[in-house]
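To be precise, the following lines are query-v1.csv, and they hold CSV, C-alpha atoms and all ligand atoms.
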```csv
chain,number,residue,atom,x,y,z
A,16,MET,CA,-9.0,16.8,11.1
A,17,PRO,CA,-9.5,13.2,10.3
A,18,ARG,CA,-6.5,10.9,11.0
A,19,VAL,CA,-5.2,8.9,8.1
A,20,LEU,CA,-2.7,6.0,8.3
A,21,SER,CA,-1.3,3.7,5.6
A,22,GLY,CA,1.6,1.4,5.1
A,23,ILE,CA,3.8,0.0,2.4
A,24,GLN,CA,6.3,-2.8,2.4
A,25,PRO,CA,10.0,-2.2,1.5
A,26,THR,CA,10.1,-5.2,-0.8
A,27,GLY,CA,11.3,-4.5,-4.4
A,28,ASP,CA,10.7,-1.4,-6.5
A,29,LEU,CA,7.6,0.6,-6.3
A,30,HIS,CA,5.3,0.0,-9.3
A,31,LEU,CA,2.5,1.8,-11.0
A,32,GLY,CA,-0.1,-0.1,-9.0
A,33,ASN,CA,1.3,1.1,-5.7
A,34,LEU,CA,1.3,4.6,-7.1
A,35,LEU,CA,-2.3,4.7,-8.4
A,36,GLY,CA,-3.8,2.5,-5.8
A,37,ALA,CA,-2.1,4.2,-2.8
A,38,VAL,CA,0.7,6.6,-2.9
A,39,LEU,CA,-0.8,9.3,-5.1
A,40,ASN,CA,-3.8,9.4,-2.7
A,41,TRP,CA,-1.5,9.7,0.2
A,42,VAL,CA,0.0,12.8,-1.3
A,43,GLN,CA,-3.5,14.3,-1.7
A,44,ASP,CA,-4.6,13.3,1.8
A,45,GLN,CA,-1.6,14.9,3.5
A,46,GLN,CA,-3.1,18.3,2.7
A,47,GLN,CA,-6.6,17.5,4.1
A,48,ALA,CA,-5.9,15.2,7.1
A,49,ASP,CA,-3.5,14.4,9.9
A,50,SER,CA,-1.6,11.8,7.9
A,51,LEU,CA,0.9,9.1,9.0
A,52,TYR,CA,2.6,6.9,6.5
A,53,CYS,CA,4.6,3.9,7.6
A,54,ILE,CA,7.3,1.8,5.9
A,55,VAL,CA,6.4,-1.6,7.2
A,56,ASP,CA,9.7,-3.3,7.5
A,57,MET,CA,8.5,-5.8,10.1
A,58,HIS,CA,5.9,-7.0,7.7
A,59,ALA,CA,8.7,-7.5,5.1
A,60,LEU,CA,10.3,-9.9,7.5
A,61,THR,CA,7.5,-12.4,7.0
A,62,VAL,CA,9.2,-13.8,3.9
A,63,PRO,CA,13.0,-14.7,4.0
A,64,LYS,CA,15.5,-11.9,3.3
A,65,GLN,CA,19.2,-11.6,3.1
A,66,PRO,CA,21.0,-9.8,6.0
A,67,GLY,CA,21.0,-6.0,5.4
A,68,GLU,CA,18.5,-6.2,2.5
A,69,ILE,CA,15.5,-4.7,4.3
A,70,GLY,CA,17.4,-1.8,5.7
A,71,GLU,CA,18.7,-0.7,2.3
A,72,ARG,CA,15.3,-1.1,0.8
A,73,THR,CA,13.7,0.9,3.6
A,74,LEU,CA,15.9,3.9,3.0
A,75,GLU,CA,15.3,3.6,-0.7
A,76,LEU,CA,11.6,3.4,-0.3
A,77,ALA,CA,11.6,6.5,2.0
A,78,GLN,CA,13.4,8.4,-0.7
A,79,VAL,CA,10.9,7.2,-3.4
A,80,LEU,CA,8.0,8.3,-1.2
A,81,LEU,CA,9.5,11.7,-0.7
A,82,ALA,CA,10.2,11.9,-4.4
A,83,CYS,CA,6.5,11.1,-5.1
A,84,GLY,CA,5.5,14.1,-3.1
A,85,LEU,CA,5.1,13.1,0.5
A,86,ASP,CA,6.1,16.2,2.4
A,87,PRO,CA,7.4,15.8,6.0
A,88,GLU,CA,6.1,19.2,6.8
A,89,GLN,CA,2.6,18.0,6.1
A,90,CYS,CA,2.7,14.3,7.1
A,91,THR,CA,4.5,11.9,9.4
A,92,LEU,CA,6.7,9.5,7.5
A,93,PHE,CA,8.3,6.8,9.6
A,94,VAL,CA,9.7,3.3,9.8
A,95,GLN,CA,7.6,0.6,11.6
A,96,SER,CA,10.6,-0.9,13.5
A,97,HIS,CA,11.5,2.5,14.8
A,98,VAL,CA,8.3,2.5,16.8
A,99,PRO,CA,8.3,-0.7,18.9
A,100,GLU,CA,4.7,-0.2,20.0
A,101,HIS,CA,3.7,-1.8,16.6
A,102,THR,CA,5.0,-5.2,17.6
A,103,GLU,CA,3.7,-4.7,21.2
A,104,LEU,CA,0.2,-4.0,20.1
A,105,GLY,CA,0.6,-6.6,17.3
A,106,TRP,CA,0.9,-9.3,20.0
A,107,ILE,CA,-2.2,-8.1,21.9
A,108,ILE,CA,-4.2,-8.0,18.6
A,109,GLN,CA,-3.0,-11.6,17.7
A,110,CYS,CA,-4.6,-12.6,21.0
A,111,VAL,CA,-8.0,-11.3,20.0
A,112,THR,CA,-7.8,-12.6,16.4
A,113,SER,CA,-9.0,-16.1,15.6
A,114,MET,CA,-7.1,-18.7,13.5
A,115,GLY,CA,-10.2,-19.0,11.4
A,116,GLU,CA,-10.2,-15.3,10.6
A,117,LEU,CA,-6.5,-15.4,9.6
A,118,ARG,CA,-7.0,-18.6,7.5
A,119,ARG,CA,-9.6,-16.8,5.4
A,120,MET,CA,-7.2,-14.0,4.3
A,121,THR,CA,-6.6,-14.3,0.6
A,122,GLN,CA,-3.2,-12.6,0.7
A,123,PHE,CA,-1.9,-15.3,3.0
A,124,LYS,CA,-3.2,-18.0,0.6
A,125,ASP,CA,-1.6,-16.3,-2.4
A,126,LYS,CA,1.7,-15.6,-0.7
A,127,SER,CA,2.1,-18.9,1.1
A,128,GLU,CA,1.7,-20.7,-2.2
A,129,GLN,CA,4.8,-18.9,-3.5
A,130,GLN,CA,7.0,-19.8,-0.4
A,131,GLU,CA,9.0,-22.9,0.5
A,132,PHE,CA,9.3,-21.7,4.1
A,133,ILE,CA,6.0,-20.4,5.4
A,134,SER,CA,6.7,-18.4,8.5
A,135,ALA,CA,4.2,-18.1,11.4
A,136,GLY,CA,4.6,-14.3,10.8
A,137,LEU,CA,3.2,-14.6,7.3
A,138,PHE,CA,0.1,-16.1,8.9
A,139,THR,CA,-0.3,-13.6,11.6
A,140,TYR,CA,0.6,-10.7,9.4
A,141,PRO,CA,-2.9,-9.1,9.3
A,142,ALA,CA,-2.9,-8.8,13.1
A,143,LEU,CA,0.3,-6.7,12.9
A,144,GLN,CA,-1.4,-4.7,10.2
A,145,ALA,CA,-4.4,-4.1,12.4
A,146,ALA,CA,-2.1,-2.9,15.2
A,147,ASP,CA,-0.4,-0.5,12.7
A,148,ILE,CA,-3.8,1.1,12.1
A,149,LEU,CA,-5.3,0.9,15.6
A,150,LEU,CA,-2.2,2.5,17.2
A,151,TYR,CA,-3.0,5.9,15.8
A,152,ASP,CA,-6.8,6.2,16.4
A,153,THR,CA,-7.1,6.1,12.6
A,154,ASP,CA,-10.3,7.2,10.8
A,155,LYS,CA,-9.3,6.4,7.2
A,156,VAL,CA,-6.9,3.9,5.6
A,157,PRO,CA,-6.1,4.8,1.9
A,158,VAL,CA,-5.2,1.5,0.2
A,159,GLY,CA,-5.7,-0.4,-3.0
A,160,GLU,CA,-8.4,-3.0,-3.5
A,161,ASP,CA,-6.2,-5.9,-2.4
A,162,GLN,CA,-6.1,-4.6,1.2
A,163,ARG,CA,-9.8,-4.4,1.7
A,164,GLN,CA,-10.0,-7.7,3.5
A,165,HIS,CA,-7.3,-6.7,5.9
A,166,ILE,CA,-9.1,-3.5,6.8
A,167,GLU,CA,-12.4,-5.4,7.3
A,168,LEU,CA,-10.5,-7.7,9.7
A,169,THR,CA,-9.1,-4.7,11.5
A,170,ARG,CA,-12.6,-3.4,12.1
A,171,ASP,CA,-13.9,-6.7,13.3
A,172,VAL,CA,-11.0,-7.2,15.7
A,173,ALA,CA,-11.2,-3.6,17.1
A,174,GLU,CA,-14.9,-4.0,17.7
A,175,ARG,CA,-14.3,-7.3,19.5
A,176,PHE,CA,-11.6,-5.7,21.7
A,177,ASN,CA,-13.8,-2.8,22.5
A,178,LYS,CA,-16.7,-5.1,23.4
A,179,ARG,CA,-14.5,-7.2,25.6
A,180,PHE,CA,-12.4,-4.5,27.3
A,181,GLY,CA,-14.4,-1.3,26.9
A,182,GLU,CA,-14.0,1.6,24.4
A,183,THR,CA,-10.4,1.6,23.3
A,184,PHE,CA,-9.9,1.7,19.6
A,185,VAL,CA,-11.3,4.0,16.9
A,186,ILE,CA,-13.0,1.9,14.2
A,187,PRO,CA,-11.2,2.7,10.9
A,188,GLN,CA,-12.6,2.8,7.4
A,189,ALA,CA,-10.8,1.7,4.2
A,190,SER,CA,-10.5,4.5,1.6
A,191,ILE,CA,-10.2,2.8,-1.9
A,192,PRO,CA,-9.9,5.0,-5.0
A,193,ARG,CA,-12.7,4.7,-7.5
A,194,ILE,CA,-10.2,4.3,-10.4
A,195,GLY,CA,-6.8,2.8,-10.1
A,196,ALA,CA,-7.5,0.6,-7.1
A,197,ARG,CA,-6.5,-2.5,-9.0
A,198,VAL,CA,-4.0,-1.9,-11.7
A,199,MET,CA,-3.5,-5.1,-13.7
A,200,ASP,CA,-0.4,-6.7,-15.2
A,201,LEU,CA,0.3,-5.4,-18.8
A,202,GLN,CA,1.1,-8.9,-20.0
A,203,ILE,CA,-1.5,-11.0,-18.1
A,204,PRO,CA,-4.3,-8.4,-17.5
A,205,THR,CA,-6.3,-10.8,-15.4
A,206,ASN,CA,-3.5,-10.7,-12.7
A,207,LYS,CA,-2.9,-7.8,-10.4
A,208,MET,CA,0.3,-5.8,-11.3
A,209,SER,CA,2.8,-6.8,-8.6
A,210,LYS,CA,6.4,-6.7,-7.8
A,211,SER,CA,7.5,-10.0,-9.4
A,212,SER,CA,4.8,-11.5,-11.5
A,213,ASP,CA,6.5,-12.1,-14.8
A,214,GLY,CA,10.1,-11.0,-14.9
A,215,GLY,CA,9.1,-7.3,-15.4
A,216,ALA,CA,7.4,-7.0,-18.8
A,217,GLY,CA,3.9,-6.6,-17.3
A,218,THR,CA,5.0,-4.4,-14.4
A,219,VAL,CA,5.9,-0.7,-14.7
A,220,TYR,CA,8.5,0.2,-12.1
A,221,LEU,CA,9.2,3.7,-11.0
A,222,SER,CA,12.9,3.0,-11.5
A,223,ASP,CA,12.3,1.8,-15.2
A,224,ASP,CA,14.0,3.7,-17.9
A,225,LEU,CA,11.4,6.0,-19.5
A,226,ALA,CA,11.9,4.4,-22.9
A,227,ALA,CA,11.4,1.0,-21.4
A,228,ILE,CA,8.1,2.2,-19.9
A,229,ALA,CA,6.9,3.3,-23.3
A,230,LYS,CA,7.9,-0.1,-24.7
A,231,LYS,CA,6.0,-2.0,-22.0
A,232,PHE,CA,2.8,-0.1,-23.0
A,233,SER,CA,3.3,-0.6,-26.7
A,234,ARG,CA,3.6,-4.3,-26.0
A,235,ALA,CA,0.7,-4.5,-23.6
A,236,VAL,CA,-1.6,-7.4,-24.2
A,237,THR,CA,-5.1,-6.3,-25.5
A,238,ASP,CA,-7.4,-8.6,-27.5
A,239,SER,CA,-8.2,-9.7,-31.0
A,240,ASP,CA,-11.1,-7.5,-31.7
A,241,SER,CA,-10.6,-3.8,-32.1
A,242,GLU,CA,-13.3,-2.0,-30.1
A,243,VAL,CA,-12.2,0.4,-27.4
A,244,ARG,CA,-14.7,-0.3,-24.6
A,245,PHE,CA,-14.5,-0.5,-20.8
A,246,ASP,CA,-15.5,-4.0,-19.9
A,247,VAL,CA,-13.2,-5.6,-17.3
A,248,ALA,CA,-14.6,-9.2,-17.8
A,249,GLU,CA,-14.6,-9.3,-21.6
A,250,LYS,CA,-11.7,-6.9,-22.3
A,251,PRO,CA,-9.3,-6.9,-19.3
A,252,GLY,CA,-6.3,-5.6,-21.2
A,253,VAL,CA,-8.0,-2.6,-22.8
A,254,SER,CA,-9.9,-1.9,-19.6
A,255,ASN,CA,-6.7,-1.8,-17.7
A,256,LEU,CA,-5.2,0.8,-20.1
A,257,LEU,CA,-8.4,2.8,-19.8
A,258,SER,CA,-8.3,2.7,-16.0
A,259,ILE,CA,-4.6,3.8,-15.9
A,260,LEU,CA,-5.1,6.7,-18.3
A,261,SER,CA,-8.4,7.7,-16.6
A,262,ALA,CA,-6.8,7.7,-13.1
A,263,LEU,CA,-4.1,10.1,-14.5
A,264,THR,CA,-6.5,12.4,-16.3
A,265,GLN,CA,-9.3,12.5,-13.7
A,266,ARG,CA,-12.0,11.1,-16.0
A,267,THR,CA,-14.1,7.9,-15.9
A,268,PRO,CA,-12.9,5.0,-18.0
A,269,GLU,CA,-16.1,5.3,-20.1
A,270,GLU,CA,-15.3,8.9,-20.9
A,271,THR,CA,-11.8,8.0,-21.9
A,272,ALA,CA,-13.1,5.1,-24.0
A,273,ALA,CA,-15.3,7.4,-26.0
A,274,GLU,CA,-12.3,9.3,-27.2
A,275,TYR,CA,-10.6,6.3,-28.9
A,276,THR,CA,-11.4,4.1,-31.9
A,277,GLN,CA,-8.1,2.2,-32.0
A,278,TYR,CA,-5.8,0.5,-29.5
A,279,GLY,CA,-2.6,2.1,-30.9
A,280,PRO,CA,-3.4,5.7,-29.9
A,281,LEU,CA,-4.8,4.5,-26.5
A,282,LYS,CA,-1.5,2.7,-25.7
A,283,LYS,CA,0.5,5.6,-26.8
A,284,ASP,CA,-1.4,8.2,-24.8
A,285,THR,CA,-1.4,5.9,-21.7
A,286,ALA,CA,2.4,5.5,-22.0
A,287,GLU,CA,2.9,9.2,-22.3
A,288,ALA,CA,0.8,10.0,-19.3
A,289,VAL,CA,2.7,7.5,-17.2
A,290,VAL,CA,6.1,8.7,-18.4
A,291,GLU,CA,5.1,12.3,-17.6
A,292,LEU,CA,4.1,11.1,-14.1
A,293,ILE,CA,7.3,9.2,-13.5
A,294,ARG,CA,9.8,11.6,-15.1
A,295,PRO,CA,9.8,14.3,-12.3
A,296,ILE,CA,9.8,11.5,-9.6
A,297,GLN,CA,12.9,10.1,-11.0
A,298,ALA,CA,14.6,13.5,-11.1
A,299,ARG,CA,13.8,14.1,-7.4
A,300,MET,CA,14.9,10.6,-6.6
A,301,ALA,CA,18.4,11.3,-8.0
A,302,GLU,CA,18.7,14.4,-5.7
A,303,LEU,CA,17.5,12.5,-2.6
A,304,LYS,CA,19.9,9.6,-3.2
A,305,ALA,CA,22.8,12.0,-3.2
A,306,ASP,CA,22.2,12.9,0.5
A,307,PRO,CA,20.9,9.8,2.5
A,308,SER,CA,21.5,11.5,5.8
A,309,ALA,CA,18.8,14.1,5.1
A,310,THR,CA,16.2,11.3,4.7
A,311,LEU,CA,17.5,9.5,7.8
A,312,ALA,CA,17.0,12.7,9.8
A,313,LEU,CA,13.4,13.1,8.5
A,314,LEU,CA,12.6,9.5,9.4
A,315,ALA,CA,13.9,10.1,13.0
A,316,VAL,CA,11.5,13.1,13.3
A,317,GLY,CA,8.7,10.9,12.0
A,318,ALA,CA,9.4,8.1,14.4
A,319,GLU,CA,9.4,10.6,17.3
A,320,LYS,CA,6.0,12.0,16.3
A,321,ALA,CA,4.5,8.6,15.6
A,322,GLY,CA,5.9,7.1,18.8
A,323,SER,CA,4.3,9.8,21.0
A,324,ILE,CA,0.8,8.9,19.6
A,325,ALA,CA,1.4,5.2,19.6
A,326,SER,CA,2.7,4.9,23.2
A,327,ALA,CA,-0.5,6.6,24.6
A,328,VAL,CA,-2.7,4.2,22.7
A,329,VAL,CA,-0.8,1.1,23.8
A,330,GLU,CA,-1.1,2.4,27.4
A,331,ARG,CA,-4.8,2.8,26.9
A,332,ALA,CA,-5.1,-0.8,25.6
A,333,LYS,CA,-3.0,-2.3,28.4
A,334,ASN,CA,-4.9,-0.3,31.1
A,335,ASN,CA,-8.3,-1.4,29.6
A,336,ILE,CA,-7.2,-5.1,29.5
A,337,GLY,CA,-6.1,-4.6,33.1
A,338,LEU,CA,-2.4,-5.7,32.9
A,339,LEU,CA,-0.6,-4.9,36.2
A,340,PRO,CA,1.0,-1.4,35.7
A,341,ARG,CA,4.7,-1.1,36.4
A,342,ARG,CA,5.6,1.1,39.3
A,401,LIG,P1,1.9,-3.4,-0.3
A,401,LIG,O1,3.2,-3.0,0.2
A,401,LIG,O2,1.8,-4.7,-1.0
A,401,LIG,O3,1.3,-2.3,-1.2
A,401,LIG,C1,1.2,-0.9,-0.9
A,401,LIG,C2,-0.1,-0.3,-1.4
A,401,LIG,O4,-0.1,-0.4,-2.8
A,401,LIG,C3,-1.4,-1.0,-3.2
A,401,LIG,N1,-1.3,-1.8,-4.4
A,401,LIG,C4,-2.0,-1.7,-5.5
A,401,LIG,N2,-3.0,-0.8,-5.8
A,401,LIG,C5,-3.5,-0.9,-7.1
A,401,LIG,N3,-3.2,-1.9,-8.0
A,401,LIG,C6,-2.2,-2.8,-7.7
A,401,LIG,N4,-1.8,-3.7,-8.6
A,401,LIG,C7,-1.6,-2.7,-6.4
A,401,LIG,N5,-0.6,-3.4,-5.8
A,401,LIG,C8,-0.4,-2.9,-4.6
A,401,LIG,C9,-1.8,-1.8,-2.0
A,401,LIG,O5,-3.2,-2.0,-1.9
A,401,LIG,C10,-1.3,-1.0,-0.8
A,401,LIG,O6,-2.3,0.0,-0.5
A,401,LIG,N6,-0.3,-5.1,3.9
A,401,LIG,C11,0.0,-3.9,3.2
A,401,LIG,C12,1.0,-3.0,3.9
A,401,LIG,C13,0.5,-2.5,5.3
A,401,LIG,C14,-0.6,-1.6,5.5
A,401,LIG,C15,-0.6,-1.4,6.9
A,401,LIG,C16,-1.4,-0.9,4.7
A,401,LIG,C17,1.0,-2.9,6.5
A,401,LIG,N7,0.3,-2.3,7.5
A,401,LIG,C18,-1.5,-0.6,7.6
A,401,LIG,C19,-2.4,0.0,5.3
A,401,LIG,C20,-2.4,0.1,6.7
A,401,LIG,C21,0.8,-4.3,1.9
A,401,LIG,O7,1.4,-5.4,1.8
A,401,LIG,O8,0.8,-3.3,0.9
```

As C-alpha cells, please, write out the structure in this file.
Ligand code: TYM
Amino acid sequence: MPRVLSGIQPTGDLHLGNLLGAVLNWVQDQQQADSLYCIVDMHALTVPKQPGEIGERTLELAQVLLACGLDPEQCTLFVQSHVPEHTELGWIIQCVTSMGELRRMTQFKDKSEQQEFISAGLFTYPALQAADILLYDTDKVPVGEDQRQHIELTRDVAERFNKRFGETFVIPQASIPRIGARVMDLQIPTNKMSKSSDGGAGTVYLSDDLAAIAKKFSRAVTDSDSEVRFDVAEKPGVSNLLSILSALTQRTPEETAAEYTQYGPLKKDTAEAVVELIRPIQARMAELKADPSATLALLAVGAEKAGSIASAVVERAKNNIGLLPRR
C-alpha cells in the first residue's frame, strides 16, 4: 500500500478551501493507502500566539477532522509536537536546505508581509514541513495547490541528502486534486480563500451558521455580464462557484457550466451543496466536543503509531550522516 502523509495547521477555523483542497481527499485516501495525518502545531508557532491558544485549537482541529470523516481505525491522526522526531529531523533538513531555496518560497513572502515580528521559524518553515513528509517514507502528499512549491522543495532536498549521504529518504509526490485545489475568496475571487482575508464574508467556515453560509454564496461577487462560463482569467467569481459545485458533484466545471444560464440558480445550488456537506460535519462536531477525552485518547494512539515509524527513519538518517551513535 502506498504511504500517504499530509498536515494542517491549527490556526483558526477550517474553511471550505481546506476541505476541498485537502481534507476530503484525506478521507478518501485513508481507504486506499497507509495514511498519516498530522496537526502541525509546531508550524503554527511560527507566527506569534497567546499562551494556551495553540493547544486549544489543536484539540478543536482534531475534533473537526474526525467529524469530517477521518477514521482512526483506518488512518493515523496525530499531533506534530507529540512526536519529537519532527523537530529533530527538521534541524537536519535545515542543514541541507539553502537560504536561496527558502527565500524563493512564496508562502514566506506572503506571510512575512503580514507580520510585524518575522520569526526565523517562519523562514525555515518549509524545512520542517519537508521533515514531516520524509519522516514517514511518504509516497504521496495530498495538498492544495498552494503547497506545491513546498513539496517540490522537499523532493529537491531529499534528493540532495540521498546523494550526499546515500539512499535514505523516499522521494514523495504531491497529490493535488483536479478540481478544488484552489478555492477562491467569495468577495475577492482573485485571492485564495483563507482564514483571515476579509473579515469573513468571502470565507466559508465549517463553524458558520448554515444560514450564514447560504447568505455568503448569495452575496458572492460575480461580474457584470451574465454568461455562465468557466474562464478563470476573465470570470474568476463565476469560475470559483463552478469549481466548488463541480468538486462536490464529481463533474468538470465545463459540464456544470452547461447546466446554467443565470448566476442566481448557480449561486443557490452551490450554496445548497456546501450546506449539505457541512450540516452532518457540524452535527458530529457537537458530539465530539461533548467528550474531549475520547479525542485525546485517539491522538495518543496516533502519536504512538507515528513515533514508531519516525524514530526508525531518524535513526537511518543519523546513521547515514555518520553521527557518533550513543552507547
Ligand atoms: P494549511 O494549514 O494552510 O492548509 C491545509 C491544507 O488546505 C489546503 N488549502 C486550500 N486548498 C484549496 N483552496 C484553498 N483556498 C486552500 N487553502 C488551504 C492547503 O493546500 C493544505 O493542503 N504548510 C502546510 C501544512 C503542512 C503540511 C506538512 C502539509 C505542514 N507540514 C506536510 C503537507 C505535508 C499548511 O500551512 O497548510

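One distance worth recording is that between atom CA of Leu104 of chain A and atom CA of Leu338 of chain A, which is 13.2 Å.
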
Pick from A:Gly70, A:Gly159, A:Gly84, A:Pro25 nearest to ligand LIG 401 (chain A), counting all atoms listed in the file
A:Gly159

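With distances taken over all atoms listed in the file, A:Met208 is the one residue among A:Val156, A:Met208, A:Val290, A:Ala196 lying closest to Leu29 of chain A.
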
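For ligand LIG 401 (chain A), the neighbouring polymer residues at 6 Å or closer are Ser21, Gly22, Ile23, Gln24, Gly32, Asn33, Leu35, Gly36, Ala37, Val55, Gln144, Asp147, Ile148, Val156, Val158, Gly159, Glu160, Asp161, Gln162, Gly195, Ala196, Arg197, Val198, Met199, Lys207, Met208 and Ser209 of chain A, only C-alpha atoms and all ligand atoms being used.
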
Need the shell around segment 243-253 of chain A: protein/DNA/RNA residues with any atom at most 6 Å away, counting all atoms listed in the file. Skip same-chain ones fewer than 4 positions apart. Format as a list in words?
Pro204, Val236, Thr237, Ala272 and Thr276 of chain A

Mind dumping a table of every segment 217-300 of chain A residue within 12 Å of segment 304-327 of chain A, with the nearest atom pair and its distance in Å to one decimal, using all atoms listed in the file, sorted by chain and rising number, as a Markdown table?
```
| residue | atom | partner | partner_atom | distance |
| --- | --- | --- | --- | --- |
| A:Gln297 | CA | A:Lys304 | CA | 10.5 |
| A:Ala298 | CA | A:Lys304 | CA | 10.3 |
| A:Arg299 | CA | A:Lys304 | CA | 8.7 |
| A:Met300 | CA | A:Lys304 | CA | 6.1 |
```

Could segment 65-73 of chain A be completed with all heavy atoms and returned as a CSV table (one decimal), keeping the file's coordinate frame?
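Heads up, here's the output in selection.csv:
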```csv
chain,number,residue,atom,x,y,z
A,65,GLN,N,17.8,-11.5,2.8
A,65,GLN,CA,19.2,-11.6,3.1
A,65,GLN,C,19.6,-10.5,4.2
A,65,GLN,O,18.9,-9.5,4.3
A,65,GLN,CB,20.0,-11.1,1.8
A,65,GLN,CG,19.9,-12.1,0.7
A,65,GLN,CD,20.4,-13.5,1.0
A,65,GLN,OE1,21.4,-13.6,1.7
A,65,GLN,NE2,19.6,-14.5,0.6
A,66,PRO,N,20.6,-10.8,5.0
A,66,PRO,CA,21.0,-9.8,6.0
A,66,PRO,C,21.3,-8.5,5.3
A,66,PRO,O,21.9,-8.4,4.3
A,66,PRO,CB,22.3,-10.4,6.6
A,66,PRO,CG,22.2,-11.8,6.3
A,66,PRO,CD,21.5,-12.0,5.1
A,67,GLY,N,20.8,-7.4,5.9
A,67,GLY,CA,21.0,-6.0,5.4
A,67,GLY,C,20.0,-5.6,4.3
A,67,GLY,O,19.9,-4.4,4.1
A,68,GLU,N,19.4,-6.5,3.7
A,68,GLU,CA,18.5,-6.2,2.5
A,68,GLU,C,17.4,-5.2,2.9
A,68,GLU,O,17.1,-4.2,2.2
A,68,GLU,CB,18.0,-7.5,2.0
A,68,GLU,CG,17.2,-7.4,0.7
A,68,GLU,CD,16.6,-8.7,0.2
A,68,GLU,OE1,17.0,-9.8,0.7
A,68,GLU,OE2,15.6,-8.6,-0.6
A,69,ILE,N,16.7,-5.5,4.0
A,69,ILE,CA,15.5,-4.7,4.3
A,69,ILE,C,15.9,-3.3,4.7
A,69,ILE,O,15.2,-2.4,4.3
A,69,ILE,CB,14.7,-5.4,5.5
A,69,ILE,CG1,14.2,-6.7,5.1
A,69,ILE,CG2,13.5,-4.5,5.9
A,69,ILE,CD1,13.3,-7.4,6.1
A,70,GLY,N,17.0,-3.1,5.4
A,70,GLY,CA,17.4,-1.8,5.7
A,70,GLY,C,17.7,-0.9,4.5
A,70,GLY,O,17.2,0.2,4.4
A,71,GLU,N,18.4,-1.5,3.6
A,71,GLU,CA,18.7,-0.7,2.3
A,71,GLU,C,17.4,-0.4,1.6
A,71,GLU,O,17.2,0.7,1.1
A,71,GLU,CB,19.5,-1.6,1.4
A,71,GLU,CG,21.0,-1.4,1.5
A,71,GLU,CD,21.7,-2.5,0.7
A,71,GLU,OE1,21.2,-2.8,-0.5
A,71,GLU,OE2,22.7,-3.0,1.1
A,72,ARG,N,16.5,-1.3,1.5
A,72,ARG,CA,15.3,-1.1,0.8
A,72,ARG,C,14.4,-0.1,1.5
A,72,ARG,O,13.6,0.6,0.9
A,72,ARG,CB,14.5,-2.4,0.6
A,72,ARG,CG,15.3,-3.4,-0.3
A,72,ARG,CD,14.3,-4.1,-1.2
A,72,ARG,NE,14.9,-5.0,-2.1
A,72,ARG,CZ,15.2,-4.7,-3.3
A,72,ARG,NH1,14.8,-3.6,-3.8
A,72,ARG,NH2,15.8,-5.6,-4.1
A,73,THR,N,14.5,-0.1,2.8
A,73,THR,CA,13.7,0.9,3.6
A,73,THR,C,14.1,2.3,3.3
A,73,THR,O,13.2,3.2,3.0
A,73,THR,CB,13.8,0.5,5.1
A,73,THR,OG1,13.3,-0.8,5.3
A,73,THR,CG2,13.0,1.5,6.0
```
